[in-house]
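Trainee: Just structure_2.cif, nothing more (mmCIF, N, CA, C and O atoms):
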data_upload
loop_
_atom_site.label_atom_id
_atom_site.label_comp_id
_atom_site.auth_asym_id
_atom_site.auth_seq_id
_atom_site.Cartn_x
_atom_site.Cartn_y
_atom_site.Cartn_z
N MET A 1 3.44 -25.77 -4.15
CA MET A 1 2.96 -24.47 -3.74
C MET A 1 4.15 -23.53 -3.51
O MET A 1 5.11 -23.88 -2.85
N ILE A 2 4.08 -22.34 -4.05
CA ILE A 2 5.14 -21.34 -3.89
C ILE A 2 4.78 -20.43 -2.72
O ILE A 2 3.68 -19.88 -2.67
N LEU A 3 5.70 -20.32 -1.78
CA LEU A 3 5.49 -19.41 -0.66
C LEU A 3 5.84 -18.00 -1.10
O LEU A 3 6.85 -17.77 -1.74
N MET A 4 4.99 -17.06 -0.77
CA MET A 4 5.21 -15.66 -1.10
C MET A 4 5.57 -14.89 0.16
O MET A 4 5.20 -15.26 1.25
N THR A 5 6.30 -13.81 -0.05
CA THR A 5 6.61 -12.89 1.04
C THR A 5 5.67 -11.70 0.90
O THR A 5 5.43 -11.21 -0.20
N THR A 6 5.13 -11.25 2.02
CA THR A 6 4.14 -10.18 2.03
C THR A 6 4.72 -8.89 2.58
O THR A 6 5.41 -8.90 3.59
N VAL A 7 4.40 -7.79 1.90
CA VAL A 7 4.73 -6.46 2.38
C VAL A 7 3.42 -5.72 2.62
O VAL A 7 2.54 -5.72 1.76
N ARG A 8 3.28 -5.14 3.80
CA ARG A 8 2.10 -4.35 4.13
C ARG A 8 2.47 -2.88 4.05
O ARG A 8 3.51 -2.46 4.54
N LEU A 9 1.58 -2.09 3.44
CA LEU A 9 1.79 -0.66 3.29
C LEU A 9 0.72 0.10 4.05
O LEU A 9 -0.42 -0.36 4.17
N LYS A 10 1.06 1.28 4.50
CA LYS A 10 0.13 2.21 5.13
C LYS A 10 0.17 3.46 4.25
O LYS A 10 1.20 4.12 4.16
N ILE A 11 -0.94 3.74 3.55
CA ILE A 11 -0.96 4.79 2.54
C ILE A 11 -1.82 5.97 2.98
O ILE A 11 -2.98 5.80 3.33
N ASP A 12 -1.23 7.15 2.95
CA ASP A 12 -1.93 8.39 3.27
C ASP A 12 -2.89 8.70 2.13
O ASP A 12 -2.47 8.92 1.00
N VAL A 13 -4.19 8.70 2.43
CA VAL A 13 -5.19 8.97 1.39
C VAL A 13 -5.82 10.35 1.54
O VAL A 13 -6.70 10.73 0.78
N SER A 14 -5.39 11.13 2.54
CA SER A 14 -6.00 12.44 2.80
C SER A 14 -5.95 13.32 1.55
O SER A 14 -4.94 13.38 0.85
N GLY A 15 -7.09 13.96 1.28
CA GLY A 15 -7.19 14.87 0.14
C GLY A 15 -7.44 14.20 -1.19
O GLY A 15 -7.61 14.87 -2.21
N THR A 16 -7.46 12.86 -1.21
CA THR A 16 -7.74 12.13 -2.46
C THR A 16 -9.14 11.52 -2.39
O THR A 16 -9.73 11.43 -1.32
N VAL A 17 -9.64 11.09 -3.53
CA VAL A 17 -10.98 10.49 -3.60
C VAL A 17 -10.84 9.01 -3.92
O VAL A 17 -10.08 8.63 -4.81
N GLY A 18 -11.57 8.17 -3.18
CA GLY A 18 -11.56 6.73 -3.44
C GLY A 18 -10.17 6.13 -3.32
O GLY A 18 -9.47 6.37 -2.35
N ASP A 19 -9.76 5.37 -4.35
CA ASP A 19 -8.45 4.72 -4.32
C ASP A 19 -7.41 5.47 -5.15
O ASP A 19 -6.39 4.91 -5.56
N GLU A 20 -7.64 6.77 -5.36
CA GLU A 20 -6.74 7.60 -6.17
C GLU A 20 -5.29 7.54 -5.68
O GLU A 20 -4.35 7.41 -6.49
N ALA A 21 -5.07 7.61 -4.37
CA ALA A 21 -3.70 7.58 -3.83
C ALA A 21 -3.01 6.26 -4.19
O ALA A 21 -1.85 6.24 -4.57
N TRP A 22 -3.74 5.17 -4.10
CA TRP A 22 -3.22 3.84 -4.45
C TRP A 22 -2.90 3.76 -5.94
O TRP A 22 -1.84 3.31 -6.34
N ARG A 23 -3.82 4.20 -6.77
CA ARG A 23 -3.63 4.14 -8.23
C ARG A 23 -2.46 5.00 -8.69
O ARG A 23 -1.82 4.69 -9.70
N ASN A 24 -2.15 6.06 -7.96
CA ASN A 24 -1.07 6.96 -8.35
C ASN A 24 0.31 6.56 -7.83
O ASN A 24 1.31 7.19 -8.17
N LEU A 25 0.37 5.50 -7.03
CA LEU A 25 1.68 5.02 -6.57
C LEU A 25 2.43 4.39 -7.74
O LEU A 25 1.83 3.77 -8.62
N LYS A 26 3.74 4.51 -7.71
CA LYS A 26 4.57 3.79 -8.67
C LYS A 26 4.79 2.41 -8.06
O LYS A 26 5.43 2.28 -7.02
N GLN A 27 4.22 1.39 -8.70
CA GLN A 27 4.31 0.03 -8.16
C GLN A 27 5.68 -0.57 -8.42
O GLN A 27 6.34 -0.27 -9.41
N PHE A 28 6.11 -1.42 -7.52
CA PHE A 28 7.36 -2.15 -7.65
C PHE A 28 7.21 -3.16 -8.78
O PHE A 28 6.21 -3.89 -8.84
N ASP A 29 8.18 -3.22 -9.68
CA ASP A 29 8.06 -4.05 -10.89
C ASP A 29 7.87 -5.54 -10.63
O ASP A 29 7.17 -6.20 -11.39
N GLU A 30 8.49 -6.08 -9.61
CA GLU A 30 8.49 -7.53 -9.41
C GLU A 30 7.35 -8.07 -8.56
O GLU A 30 7.38 -9.23 -8.15
N ILE A 31 6.31 -7.28 -8.29
CA ILE A 31 5.22 -7.79 -7.45
C ILE A 31 4.47 -8.91 -8.17
O ILE A 31 4.32 -8.90 -9.38
N GLN A 32 4.01 -9.86 -7.38
CA GLN A 32 3.19 -10.96 -7.91
C GLN A 32 1.71 -10.61 -7.82
O GLN A 32 0.94 -10.98 -8.69
N SER A 33 1.33 -9.91 -6.75
CA SER A 33 -0.05 -9.43 -6.60
C SER A 33 -0.05 -8.23 -5.67
O SER A 33 0.88 -8.05 -4.89
N ALA A 34 -1.08 -7.43 -5.80
CA ALA A 34 -1.22 -6.24 -4.96
C ALA A 34 -2.69 -6.00 -4.70
O ALA A 34 -3.52 -6.18 -5.59
N ALA A 35 -3.01 -5.61 -3.48
CA ALA A 35 -4.39 -5.31 -3.12
C ALA A 35 -4.40 -4.14 -2.14
O ALA A 35 -3.47 -3.97 -1.35
N PHE A 36 -5.47 -3.35 -2.21
CA PHE A 36 -5.60 -2.14 -1.41
C PHE A 36 -6.98 -2.13 -0.78
O PHE A 36 -7.96 -2.49 -1.42
N GLY A 37 -7.08 -1.72 0.47
CA GLY A 37 -8.39 -1.59 1.09
C GLY A 37 -8.31 -1.65 2.60
O GLY A 37 -7.31 -2.06 3.17
N PRO A 38 -9.41 -1.25 3.25
CA PRO A 38 -9.44 -1.20 4.71
C PRO A 38 -9.22 -2.55 5.39
O PRO A 38 -8.83 -2.59 6.55
N LYS A 39 -9.42 -3.65 4.67
CA LYS A 39 -9.17 -4.96 5.31
C LYS A 39 -7.70 -5.15 5.65
O LYS A 39 -7.34 -6.02 6.42
N PHE A 40 -6.82 -4.31 5.08
CA PHE A 40 -5.39 -4.34 5.38
C PHE A 40 -5.01 -3.27 6.40
O PHE A 40 -3.83 -2.98 6.59
N GLY A 41 -6.01 -2.67 7.03
CA GLY A 41 -5.79 -1.64 8.04
C GLY A 41 -6.26 -0.29 7.54
O GLY A 41 -6.29 -0.03 6.34
N SER A 42 -6.68 0.56 8.48
CA SER A 42 -7.12 1.91 8.13
C SER A 42 -7.16 2.78 9.38
O SER A 42 -7.03 2.28 10.49
N ALA A 43 -7.36 4.07 9.15
CA ALA A 43 -7.47 5.02 10.25
C ALA A 43 -8.86 4.95 10.87
O ALA A 43 -9.15 5.66 11.82
N GLY A 44 -9.74 4.13 10.32
CA GLY A 44 -11.10 4.01 10.80
C GLY A 44 -12.08 4.19 9.65
O GLY A 44 -11.67 4.43 8.52
N THR A 45 -13.33 4.08 9.94
CA THR A 45 -14.36 4.22 8.92
C THR A 45 -14.39 5.64 8.38
O THR A 45 -14.37 6.60 9.14
N CYS A 46 -14.41 5.76 7.06
CA CYS A 46 -14.50 7.09 6.43
C CYS A 46 -15.82 7.73 6.82
O CYS A 46 -16.86 7.09 6.78
N ARG A 47 -15.79 9.00 7.18
CA ARG A 47 -17.00 9.72 7.60
C ARG A 47 -17.40 10.76 6.56
O ARG A 47 -17.84 11.85 6.89
N HIS A 48 -17.24 10.41 5.30
CA HIS A 48 -17.59 11.31 4.21
C HIS A 48 -18.20 10.50 3.07
O HIS A 48 -18.06 9.28 3.03
N ALA A 49 -18.86 11.19 2.16
CA ALA A 49 -19.44 10.51 1.00
C ALA A 49 -18.32 9.93 0.14
O ALA A 49 -17.20 10.45 0.11
N ALA A 50 -18.60 8.85 -0.57
CA ALA A 50 -17.60 8.16 -1.39
C ALA A 50 -16.99 9.05 -2.45
O ALA A 50 -15.85 8.84 -2.86
N ASN A 51 -17.73 10.06 -2.91
CA ASN A 51 -17.21 10.95 -3.96
C ASN A 51 -16.53 12.19 -3.40
O ASN A 51 -16.17 13.09 -4.15
N GLN A 52 -16.35 12.25 -2.08
CA GLN A 52 -15.68 13.38 -1.43
C GLN A 52 -14.26 12.99 -1.03
O GLN A 52 -13.98 11.83 -0.79
N PRO A 53 -13.35 13.98 -0.95
CA PRO A 53 -11.97 13.67 -0.57
C PRO A 53 -11.88 13.11 0.86
O PRO A 53 -12.67 13.47 1.73
N HIS A 54 -10.91 12.22 1.05
CA HIS A 54 -10.62 11.70 2.38
C HIS A 54 -10.14 12.84 3.27
O HIS A 54 -9.49 13.78 2.80
N ALA A 55 -10.45 12.75 4.55
CA ALA A 55 -10.07 13.78 5.52
C ALA A 55 -8.58 13.70 5.85
O ALA A 55 -7.94 12.67 5.65
N LYS A 56 -8.05 14.78 6.37
CA LYS A 56 -6.65 14.84 6.81
C LYS A 56 -6.42 13.74 7.85
O LYS A 56 -7.23 13.55 8.75
N GLY A 57 -5.34 13.03 7.70
CA GLY A 57 -5.00 11.97 8.65
C GLY A 57 -5.53 10.60 8.28
O GLY A 57 -5.15 9.61 8.91
N GLU A 58 -6.38 10.50 7.28
CA GLU A 58 -6.90 9.18 6.88
C GLU A 58 -5.83 8.39 6.15
O GLU A 58 -5.09 8.94 5.33
N TRP A 59 -5.77 7.10 6.45
CA TRP A 59 -4.87 6.21 5.74
C TRP A 59 -5.57 4.88 5.53
O TRP A 59 -6.49 4.54 6.25
N ILE A 60 -5.14 4.16 4.51
CA ILE A 60 -5.69 2.85 4.19
C ILE A 60 -4.52 1.94 3.85
O ILE A 60 -3.53 2.36 3.24
N GLY A 61 -4.64 0.67 4.24
CA GLY A 61 -3.56 -0.29 4.03
C GLY A 61 -3.60 -0.96 2.67
O GLY A 61 -4.60 -0.92 1.95
N ALA A 62 -2.49 -1.57 2.34
CA ALA A 62 -2.36 -2.36 1.11
C ALA A 62 -1.43 -3.52 1.40
O ALA A 62 -0.66 -3.51 2.37
N GLU A 63 -1.54 -4.55 0.57
CA GLU A 63 -0.70 -5.72 0.73
C GLU A 63 -0.10 -6.10 -0.62
O GLU A 63 -0.81 -6.17 -1.62
N ILE A 64 1.20 -6.31 -0.63
CA ILE A 64 1.95 -6.66 -1.83
C ILE A 64 2.54 -8.04 -1.60
O ILE A 64 3.10 -8.31 -0.54
N LYS A 65 2.46 -8.91 -2.59
CA LYS A 65 3.06 -10.25 -2.51
C LYS A 65 4.24 -10.32 -3.48
O LYS A 65 4.13 -9.89 -4.63
N LEU A 66 5.36 -10.86 -2.98
CA LEU A 66 6.57 -11.01 -3.78
C LEU A 66 7.13 -12.42 -3.62
O LEU A 66 6.86 -13.09 -2.63
N GLU A 67 7.97 -12.83 -4.57
CA GLU A 67 8.48 -14.20 -4.57
C GLU A 67 9.49 -14.48 -3.48
O GLU A 67 9.55 -15.60 -2.97
N THR A 68 10.34 -13.50 -3.12
CA THR A 68 11.40 -13.79 -2.14
C THR A 68 11.50 -12.68 -1.08
O THR A 68 11.09 -11.55 -1.32
N PRO A 69 12.06 -13.02 0.07
CA PRO A 69 12.28 -12.01 1.11
C PRO A 69 13.19 -10.87 0.64
O PRO A 69 12.99 -9.72 1.03
N LEU A 70 14.17 -11.17 -0.21
CA LEU A 70 15.06 -10.13 -0.71
C LEU A 70 14.29 -9.12 -1.58
O LEU A 70 14.44 -7.90 -1.42
N LEU A 71 13.42 -9.62 -2.46
CA LEU A 71 12.59 -8.72 -3.26
C LEU A 71 11.69 -7.88 -2.36
O LEU A 71 11.45 -6.71 -2.63
N ALA A 72 11.19 -8.49 -1.29
CA ALA A 72 10.33 -7.77 -0.35
C ALA A 72 11.09 -6.61 0.28
O ALA A 72 10.54 -5.51 0.43
N GLN A 73 12.35 -6.82 0.64
CA GLN A 73 13.15 -5.74 1.23
C GLN A 73 13.36 -4.60 0.23
O GLN A 73 13.26 -3.43 0.58
N TYR A 74 13.61 -4.95 -1.03
CA TYR A 74 13.75 -3.92 -2.06
C TYR A 74 12.42 -3.17 -2.24
O TYR A 74 12.40 -1.96 -2.44
N ALA A 75 11.32 -3.90 -2.17
CA ALA A 75 10.00 -3.28 -2.33
C ALA A 75 9.73 -2.29 -1.20
O ALA A 75 9.20 -1.21 -1.44
N VAL A 76 10.09 -2.66 0.02
CA VAL A 76 9.90 -1.76 1.16
C VAL A 76 10.62 -0.44 0.90
O VAL A 76 10.04 0.64 1.04
N SER A 77 11.87 -0.51 0.48
CA SER A 77 12.63 0.71 0.17
C SER A 77 11.96 1.51 -0.95
O SER A 77 11.84 2.73 -0.87
N HIS A 78 11.51 0.80 -1.98
CA HIS A 78 10.85 1.44 -3.13
C HIS A 78 9.62 2.23 -2.68
O HIS A 78 9.43 3.38 -3.06
N TYR A 79 8.78 1.60 -1.86
CA TYR A 79 7.54 2.26 -1.44
C TYR A 79 7.80 3.38 -0.44
O TYR A 79 7.13 4.43 -0.50
N LEU A 80 8.75 3.21 0.46
CA LEU A 80 9.02 4.25 1.46
C LEU A 80 9.56 5.54 0.84
O LEU A 80 9.48 6.59 1.46
N GLU A 81 10.08 5.48 -0.37
CA GLU A 81 10.56 6.67 -1.06
C GLU A 81 9.41 7.53 -1.60
O GLU A 81 9.62 8.66 -2.01
N GLN A 82 8.19 6.99 -1.58
CA GLN A 82 7.05 7.70 -2.15
C GLN A 82 6.30 8.48 -1.07
O GLN A 82 6.07 7.98 0.03
N GLU A 83 5.93 9.69 -1.43
CA GLU A 83 5.36 10.64 -0.48
C GLU A 83 4.14 10.12 0.27
O GLU A 83 3.98 10.36 1.46
N ARG A 84 3.27 9.40 -0.38
CA ARG A 84 2.02 8.96 0.26
C ARG A 84 2.17 7.71 1.12
O ARG A 84 1.26 7.35 1.85
N VAL A 85 3.30 7.04 1.05
CA VAL A 85 3.49 5.81 1.82
C VAL A 85 4.04 6.20 3.21
O VAL A 85 5.13 6.72 3.34
N LEU A 86 3.22 5.95 4.22
CA LEU A 86 3.57 6.31 5.59
C LEU A 86 4.43 5.23 6.25
O LEU A 86 5.26 5.54 7.10
N ASP A 87 4.22 3.97 5.86
CA ASP A 87 4.95 2.87 6.45
C ASP A 87 4.92 1.67 5.51
O ASP A 87 3.96 1.51 4.75
N ALA A 88 5.94 0.85 5.55
CA ALA A 88 6.02 -0.37 4.76
C ALA A 88 6.83 -1.38 5.57
O ALA A 88 7.90 -1.05 6.06
N ASP A 89 6.29 -2.59 5.71
CA ASP A 89 6.95 -3.63 6.49
C ASP A 89 6.75 -4.99 5.86
O ASP A 89 5.67 -5.27 5.30
N VAL A 90 7.75 -5.84 5.99
CA VAL A 90 7.62 -7.24 5.58
C VAL A 90 6.92 -7.96 6.73
O VAL A 90 7.30 -7.79 7.89
N VAL A 91 5.90 -8.75 6.42
CA VAL A 91 5.18 -9.52 7.43
C VAL A 91 5.28 -11.00 7.11
O VAL A 91 5.52 -11.38 5.98
N ASP A 92 5.12 -11.83 8.14
CA ASP A 92 5.19 -13.28 7.94
C ASP A 92 3.89 -13.82 7.42
O ASP A 92 2.84 -13.33 7.65
#
Represent the supplied structure as C-alpha cells.
Mentor:
Amino acid sequence: MILMTTVRLKIDVSGTVGDEAWRNLKQFDEIQSAAFGPKFGSAGTCRHAANQPHAKGEWIGAEIKLETPLLAQYAVSHYLEQERVLDADVVD
C-alpha cells in the first residue's frame, strides 16, 4: 500500500455557479487524485438555487492526494498563487 500525502484547499466560489471555480483552477501536475465538495469543508449550506451564483463569502473545500510530502509542499505553493484559493494546507 502506498501512503499518500493530502493537501486540503479552501476555494472561494462566490459569484460562480456549481463547481465552476474548481474546474477553472490550474491543477498541480503531479496530483494522484483530486476531489471537490462540501464534505471537505464549506461556509455552510448554500441558500440559493443550484443554477444561481454562489453568494459573496461562500467557499467550498477540496482535497488533493500526492505521492510525497515534498510534492505536497510544492502543491500548496502552486494553489496559493491562484486567486480563488483562500487557503491550502498539508494534512496528516
Trainee: Give me, please, the distance in Å between atom CA of A:Ile60 and atom CA of A:Asp12, quoted to one decimal.
Mentor: 6.8 Å
Trainee: Write out as JSON, numbers by chain the residues lying within 6 Å of stretch 16-22 of chain A, counting only C-alpha atoms and excluding same-chain residues fewer than 4 positions away.
Mentor: {"A": [52, 53, 54]}
Trainee: One decimal, Å: what's the distance from atom CA of A:Gly37 over to atom CA of A:Ala62, could you say?
Mentor: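 So the answer is 6.1 Å.
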Trainee: Just the alpha helix (DSSP H) stuff from chain A, please, per backbone DSSP, written as a PyMOL selection string.
Mentor: chain A and resi 20-23+69-80
Trainee: Which residues, named as in the file, does the PyMOL selection byres ((chain A and resi 26) around 8) pick out? Answer as a PyMOL selection string.
Mentor: chain A and resi 21-25+27-29+75+78-79+82
Trainee: Can I get the selection written as a tab-separated table (two decimals), in the frame of the given file, with N, CA, C and O atoms?
Mentor:
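Dumped everything to again09.tsv:
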chain	number	residue	atom	x	y	z
A	21	ALA	N	-5.07	7.61	-4.37
A	21	ALA	CA	-3.70	7.58	-3.83
A	21	ALA	C	-3.01	6.26	-4.19
A	21	ALA	O	-1.85	6.24	-4.57
A	22	TRP	N	-3.74	5.17	-4.10
A	22	TRP	CA	-3.22	3.84	-4.45
A	22	TRP	C	-2.90	3.76	-5.94
A	22	TRP	O	-1.84	3.31	-6.34
A	23	ARG	N	-3.82	4.20	-6.77
A	23	ARG	CA	-3.63	4.14	-8.23
A	23	ARG	C	-2.46	5.00	-8.69
A	23	ARG	O	-1.82	4.69	-9.70
A	24	ASN	N	-2.15	6.06	-7.96
A	24	ASN	CA	-1.07	6.96	-8.35
A	24	ASN	C	0.31	6.56	-7.83
A	24	ASN	O	1.31	7.19	-8.17
A	25	LEU	N	0.37	5.50	-7.03
A	25	LEU	CA	1.68	5.02	-6.57
A	25	LEU	C	2.43	4.39	-7.74
A	25	LEU	O	1.83	3.77	-8.62
A	27	GLN	N	4.22	1.39	-8.70
A	27	GLN	CA	4.31	0.03	-8.16
A	27	GLN	C	5.68	-0.57	-8.42
A	27	GLN	O	6.34	-0.27	-9.41
A	28	PHE	N	6.11	-1.42	-7.52
A	28	PHE	CA	7.36	-2.15	-7.65
A	28	PHE	C	7.21	-3.16	-8.78
A	28	PHE	O	6.21	-3.89	-8.84
A	29	ASP	N	8.18	-3.22	-9.68
A	29	ASP	CA	8.06	-4.05	-10.89
A	29	ASP	C	7.87	-5.54	-10.63
A	29	ASP	O	7.17	-6.20	-11.39
A	75	ALA	N	11.32	-3.90	-2.17
A	75	ALA	CA	10.00	-3.28	-2.33
A	75	ALA	C	9.73	-2.29	-1.20
A	75	ALA	O	9.20	-1.21	-1.44
A	78	HIS	N	11.51	0.80	-1.98
A	78	HIS	CA	10.85	1.44	-3.13
A	78	HIS	C	9.62	2.23	-2.68
A	78	HIS	O	9.43	3.38	-3.06
A	79	TYR	N	8.78	1.60	-1.86
A	79	TYR	CA	7.54	2.26	-1.44
A	79	TYR	C	7.80	3.38	-0.44
A	79	TYR	O	7.13	4.43	-0.50
A	82	GLN	N	8.19	6.99	-1.58
A	82	GLN	CA	7.05	7.70	-2.15
A	82	GLN	C	6.30	8.48	-1.07
A	82	GLN	O	6.07	7.98	0.03
Trainee: When the PyMOL selection byres ((chain A and resi 64) around 4.5) is applied to the structure above, which residues does it catch, written out as a PyMOL selection string?
Mentor: chain A and resi 5-7+33-34+62-63+65-66
Trainee: Starting from the PyMOL selection byres ((chain A and resi 58) around 4.5), expand the selection into actual residues of this file and give them as a ChimeraX atom specification.
Mentor: /A:11-14,55-57,59
Trainee: If DSSP is run on the backbone, what residues of chain A are strand (DSSP E or B)? A reply as a PyMOL selection string would be ideal.
Mentor: chain A and resi 5-12+14+33-36+42+54+59-66+85-91
Trainee: Record the distance separating atom CA of A:Thr68 and atom CA of A:Arg8, expressed in Å with one decimal.
Mentor: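 Going from atom CA of A:Thr68 over to atom CA of A:Arg8, I get 14.7 Å.
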Trainee: For a quick check of understanding, using only C-alpha atoms, which of A:Ile2, A:Phe40, A:His48, A:Gly61 has the smallest distance to A:Val85?
Mentor: A:Gly61
Trainee: A:Ala43, A:Leu71, A:Leu9, A:Ala50: which is nearest A:Glu30, counting only N, CA, C and O atoms?
Mentor: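 Counting only N, CA, C and O atoms, the residue closest to A:Glu30 is A:Leu71.
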Trainee: Can you sort out the box for stretch 67-77 of chain A, edges along x, y and z, all listed atoms in, 3 Å on every side, with centre and edge lengths in Å to one decimal, as AutoDock Vina command-line options?
Mentor:
--center_x 11.5 --center_y -6.4 --center_z -1.7 --size_x 13.1 --size_y 24.3 --size_z 11.8
Trainee: Return the single residue from A:Arg84, A:Asp89, A:Gly41, A:Gly15 that is closest to A:Pro69, with distances computed using only C-alpha atoms.
Mentor: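 Once distances to A:Pro69 are computed over only C-alpha atoms, the minimum belongs to A:Asp89.
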Trainee: Could you write stretch 41-49 of chain A as a PDB file, in the frame of the given file, with all heavy atoms rebuilt where they are missing?
Mentor:
ATOM      1  N   GLY A  41      -6.010  -2.670   7.030  1.00  0.00           N
ATOM      2  CA  GLY A  41      -5.790  -1.640   8.040  1.00  0.00           C
ATOM      3  C   GLY A  41      -6.260  -0.290   7.540  1.00  0.00           C
ATOM      4  O   GLY A  41      -6.290  -0.030   6.340  1.00  0.00           O
ATOM      5  N   SER A  42      -6.680   0.560   8.480  1.00  0.00           N
ATOM      6  CA  SER A  42      -7.120   1.910   8.130  1.00  0.00           C
ATOM      7  C   SER A  42      -7.160   2.780   9.380  1.00  0.00           C
ATOM      8  O   SER A  42      -7.030   2.280  10.490  1.00  0.00           O
ATOM      9  CB  SER A  42      -8.515   1.884   7.487  1.00  0.00           C
ATOM     10  OG  SER A  42      -9.504   1.585   8.452  1.00  0.00           O
ATOM     11  N   ALA A  43      -7.360   4.070   9.150  1.00  0.00           N
ATOM     12  CA  ALA A  43      -7.470   5.020  10.250  1.00  0.00           C
ATOM     13  C   ALA A  43      -8.860   4.950  10.870  1.00  0.00           C
ATOM     14  O   ALA A  43      -9.150   5.660  11.820  1.00  0.00           O
ATOM     15  CB  ALA A  43      -7.175   6.427   9.756  1.00  0.00           C
ATOM     16  N   GLY A  44      -9.740   4.130  10.320  1.00  0.00           N
ATOM     17  CA  GLY A  44     -11.100   4.010  10.800  1.00  0.00           C
ATOM     18  C   GLY A  44     -12.080   4.190   9.650  1.00  0.00           C
ATOM     19  O   GLY A  44     -11.670   4.430   8.520  1.00  0.00           O
ATOM     20  N   THR A  45     -13.330   4.080   9.940  1.00  0.00           N
ATOM     21  CA  THR A  45     -14.360   4.220   8.920  1.00  0.00           C
ATOM     22  C   THR A  45     -14.390   5.640   8.380  1.00  0.00           C
ATOM     23  O   THR A  45     -14.370   6.600   9.140  1.00  0.00           O
ATOM     24  CB  THR A  45     -15.753   3.878   9.512  1.00  0.00           C
ATOM     25  OG1 THR A  45     -15.676   2.572  10.085  1.00  0.00           O
ATOM     26  CG2 THR A  45     -16.818   3.909   8.451  1.00  0.00           C
ATOM     27  N   CYS A  46     -14.410   5.760   7.060  1.00  0.00           N
ATOM     28  CA  CYS A  46     -14.500   7.090   6.430  1.00  0.00           C
ATOM     29  C   CYS A  46     -15.820   7.730   6.820  1.00  0.00           C
ATOM     30  O   CYS A  46     -16.860   7.090   6.780  1.00  0.00           O
ATOM     31  CB  CYS A  46     -14.422   6.972   4.907  1.00  0.00           C
ATOM     32  SG  CYS A  46     -12.819   6.444   4.307  1.00  0.00           S
ATOM     33  N   ARG A  47     -15.790   9.000   7.180  1.00  0.00           N
ATOM     34  CA  ARG A  47     -17.000   9.720   7.600  1.00  0.00           C
ATOM     35  C   ARG A  47     -17.400  10.760   6.560  1.00  0.00           C
ATOM     36  O   ARG A  47     -17.840  11.850   6.890  1.00  0.00           O
ATOM     37  CB  ARG A  47     -16.762  10.393   8.946  1.00  0.00           C
ATOM     38  CG  ARG A  47     -16.357   9.416  10.022  1.00  0.00           C
ATOM     39  CD  ARG A  47     -16.469  10.024  11.399  1.00  0.00           C
ATOM     40  NE  ARG A  47     -15.882   9.223  12.448  1.00  0.00           N
ATOM     41  CZ  ARG A  47     -16.354   8.068  12.897  1.00  0.00           C
ATOM     42  NH1 ARG A  47     -17.418   7.544  12.369  1.00  0.00           N
ATOM     43  NH2 ARG A  47     -15.748   7.436  13.876  1.00  0.00           N
ATOM     44  N   HIS A  48     -17.240  10.410   5.300  1.00  0.00           N
ATOM     45  CA  HIS A  48     -17.590  11.310   4.210  1.00  0.00           C
ATOM     46  C   HIS A  48     -18.200  10.500   3.070  1.00  0.00           C
ATOM     47  O   HIS A  48     -18.060   9.280   3.030  1.00  0.00           O
ATOM     48  CB  HIS A  48     -16.337  12.063   3.714  1.00  0.00           C
ATOM     49  CG  HIS A  48     -15.215  11.150   3.337  1.00  0.00           C
ATOM     50  ND1 HIS A  48     -15.149  10.523   2.112  1.00  0.00           N
ATOM     51  CD2 HIS A  48     -14.134  10.725   4.030  1.00  0.00           C
ATOM     52  CE1 HIS A  48     -14.069   9.761   2.071  1.00  0.00           C
ATOM     53  NE2 HIS A  48     -13.435   9.866   3.241  1.00  0.00           N
ATOM     54  N   ALA A  49     -18.860  11.190   2.160  1.00  0.00           N
ATOM     55  CA  ALA A  49     -19.440  10.510   1.000  1.00  0.00           C
ATOM     56  C   ALA A  49     -18.320   9.930   0.140  1.00  0.00           C
ATOM     57  O   ALA A  49     -17.200  10.450   0.110  1.00  0.00           O
ATOM     58  CB  ALA A  49     -20.264  11.508   0.180  1.00  0.00           C
TER      59      ALA A  49
END
